[in-house]
Amino acid sequence: MSEDTAAQVSGPDELPTGVVRAEPWDGIGNEFTGVRYRKVHTRNGARLQLYVPKTEKTILLDPMVLEVLAEQTPEFFTHLIATRLGSEDA
């Protein structure tokens, strides 16, 4: 991933490298996980920042990445989740 797409930060309130402004956090979750998200602004346009408190991981997604994600089938995500959880059927 490019530096513009992936970012390492030490916490959800610190701005990733290249971000000049961020909107307030919102979030979604269920009994298994939770994700915080917000729109951030860089010199190269808006991005969606995702932050997973459980793992303290964050990522910036640009419109092209979001378009590609939106075109995927539910089976694609099922495979990703199974692989992440170590399923032998993945």
# chains A, B, ... in the order shown; residues from 1 in each chain; ligands from 1

call {"tool": "residues_around", "arguments": {"residues": "A:Leu50", "least_positions_apart": "6", "cutoff": "10 Å", "atoms": "only C-alpha atoms", "output": "list of chain:residue names"}}
result
A:Pro12, A:Trp25, A:Asp26, A:Gly27, A:Val35, A:Arg36, A:Tyr37, A:Arg38, A:Lys39, A:Lys57, A:Thr58, A:Ile59, A:Leu60, A:Leu61

call {"tool": "residues_around", "arguments": {"residues": "A:Arg43", "least_positions_apart": "2", "cutoff": "12 Å", "atoms": "only C-alpha atoms", "output": "NGL selection string"}}
result
:A and (4 or 17-21 or 40-41 or 45-47)

call {"tool": "write_last_selection", "arguments": {"atoms": "C-alpha atoms", "output": "mmCIF file, in the first residue's frame"}}
result
data_model
loop_
_atom_site.group_PDB
_atom_site.id
_atom_site.type_symbol
_atom_site.label_atom_id
_atom_site.label_comp_id
_atom_site.auth_asym_id
_atom_site.auth_seq_id
_atom_site.Cartn_x
_atom_site.Cartn_y
_atom_site.Cartn_z
ATOM 1 C CA ASP A 4 -1.083 7.774 1.351
ATOM 2 C CA THR A 17 1.140 11.763 8.379
ATOM 3 C CA GLY A 18 -0.206 13.997 5.614
ATOM 4 C CA VAL A 19 -3.595 14.631 7.225
ATOM 5 C CA VAL A 20 -4.268 18.343 7.640
ATOM 6 C CA ARG A 21 -7.760 18.182 9.162
ATOM 7 C CA VAL A 40 -9.962 13.197 7.064
ATOM 8 C CA HIS A 41 -8.557 15.728 4.640
ATOM 9 C CA GLY A 45 -8.131 15.024 -1.105
ATOM 10 C CA ALA A 46 -10.464 13.371 1.380
ATOM 11 C CA ARG A 47 -9.899 9.917 2.863
#

call {"tool": "closest_residue", "arguments": {"among": "A:Ile28, A:Pro16, A:His79, A:Glu23", "to": "A:Pro53", "atoms": "only C-alpha atoms"}}
result
A:Ile28

call {"tool": "atom_distance", "arguments": {"atom1": "atom CA of A:Lys54", "atom2": "atom CA of A:Gly34"}}
result
7.7 Å

call {"tool": "decode", "arguments": {"residues": "chain A", "atoms": "C-alpha atoms", "output": "short mmCIF file (atom, residue, chain, number, x, y, z; two decimals), in the first residue's frame"}}
result
data_model
loop_
_atom_site.label_atom_id
_atom_site.label_comp_id
_atom_site.auth_asym_id
_atom_site.auth_seq_id
_atom_site.Cartn_x
_atom_site.Cartn_y
_atom_site.Cartn_z
CA MET A 1 0.00 0.00 0.00
CA SER A 2 1.15 3.51 -0.63
CA GLU A 3 2.09 5.86 2.18
CA ASP A 4 -1.08 7.77 1.35
CA THR A 5 -3.27 4.68 1.87
CA ALA A 6 -1.78 3.09 5.00
CA ALA A 7 -0.78 5.03 8.09
CA GLN A 8 0.74 4.17 11.42
CA VAL A 9 -0.29 6.36 14.35
CA SER A 10 0.03 5.77 18.05
CA GLY A 11 -3.58 6.58 18.91
CA PRO A 12 -6.95 7.57 17.50
CA ASP A 13 -6.60 11.26 18.35
CA GLU A 14 -3.28 11.79 16.58
CA LEU A 15 -3.42 12.75 12.92
CA PRO A 16 -1.71 10.38 10.47
CA THR A 17 1.14 11.76 8.38
CA GLY A 18 -0.21 14.00 5.61
CA VAL A 19 -3.60 14.63 7.22
CA VAL A 20 -4.27 18.34 7.64
CA ARG A 21 -7.76 18.18 9.16
CA ALA A 22 -10.05 15.51 10.60
CA GLU A 23 -13.77 15.38 11.32
CA PRO A 24 -15.14 13.86 14.55
CA TRP A 25 -15.03 10.10 15.07
CA ASP A 26 -18.09 7.87 14.75
CA GLY A 27 -18.20 4.12 15.11
CA ILE A 28 -19.92 0.81 14.56
CA GLY A 29 -19.59 -2.50 16.29
CA ASN A 30 -21.12 -5.78 17.32
CA GLU A 31 -20.39 -8.46 19.91
CA PHE A 32 -17.13 -9.40 18.14
CA THR A 33 -15.47 -6.10 17.27
CA GLY A 34 -15.77 -2.37 16.93
CA VAL A 35 -14.42 0.12 14.43
CA ARG A 36 -14.17 3.87 14.65
CA TYR A 37 -14.21 5.93 11.45
CA ARG A 38 -13.94 9.53 10.34
CA LYS A 39 -13.40 11.59 7.23
CA VAL A 40 -9.96 13.20 7.06
CA HIS A 41 -8.56 15.73 4.64
CA THR A 42 -5.10 15.57 3.06
CA ARG A 43 -3.39 17.76 0.48
CA ASN A 44 -4.45 15.10 -2.05
CA GLY A 45 -8.13 15.02 -1.10
CA ALA A 46 -10.46 13.37 1.38
CA ARG A 47 -9.90 9.92 2.86
CA LEU A 48 -11.82 7.61 5.17
CA GLN A 49 -9.79 6.74 8.27
CA LEU A 50 -10.62 3.50 10.05
CA TYR A 51 -9.33 2.72 13.55
CA VAL A 52 -9.69 -0.60 15.38
CA PRO A 53 -9.24 0.00 19.14
CA LYS A 54 -8.77 -3.72 19.88
CA THR A 55 -5.62 -3.91 17.73
CA GLU A 56 -4.77 -0.18 17.66
CA LYS A 57 -4.49 -0.40 13.85
CA THR A 58 -5.51 2.39 11.51
CA ILE A 59 -5.76 2.81 7.76
CA LEU A 60 -6.61 5.61 5.35
CA LEU A 61 -8.76 4.64 2.37
CA ASP A 62 -8.99 6.86 -0.68
CA PRO A 63 -11.99 6.93 -3.06
CA MET A 64 -10.37 4.45 -5.49
CA VAL A 65 -9.84 1.87 -2.74
CA LEU A 66 -13.41 2.36 -1.51
CA GLU A 67 -14.73 1.87 -5.05
CA VAL A 68 -12.82 -1.41 -5.39
CA LEU A 69 -14.12 -2.58 -1.99
CA ALA A 70 -17.70 -1.75 -2.96
CA GLU A 71 -17.39 -3.96 -6.06
CA GLN A 72 -16.49 -7.10 -4.07
CA THR A 73 -18.89 -9.95 -3.42
CA PRO A 74 -19.92 -11.09 0.06
CA GLU A 75 -17.97 -14.32 -0.61
CA PHE A 76 -14.77 -12.30 -1.01
CA PHE A 77 -15.18 -10.87 2.50
CA THR A 78 -16.16 -14.27 3.91
CA HIS A 79 -12.86 -15.63 2.58
CA LEU A 80 -10.90 -12.70 4.07
CA ILE A 81 -12.50 -13.20 7.48
CA ALA A 82 -11.96 -16.97 7.40
CA THR A 83 -8.30 -16.48 6.45
CA ARG A 84 -7.81 -13.90 9.22
CA LEU A 85 -9.32 -16.28 11.78
CA GLY A 86 -7.18 -19.21 10.58
CA SER A 87 -9.95 -21.34 9.11
CA GLU A 88 -8.67 -24.48 7.41
CA ASP A 89 -11.42 -24.12 4.80
CA ALA A 90 -10.16 -20.69 3.63
#
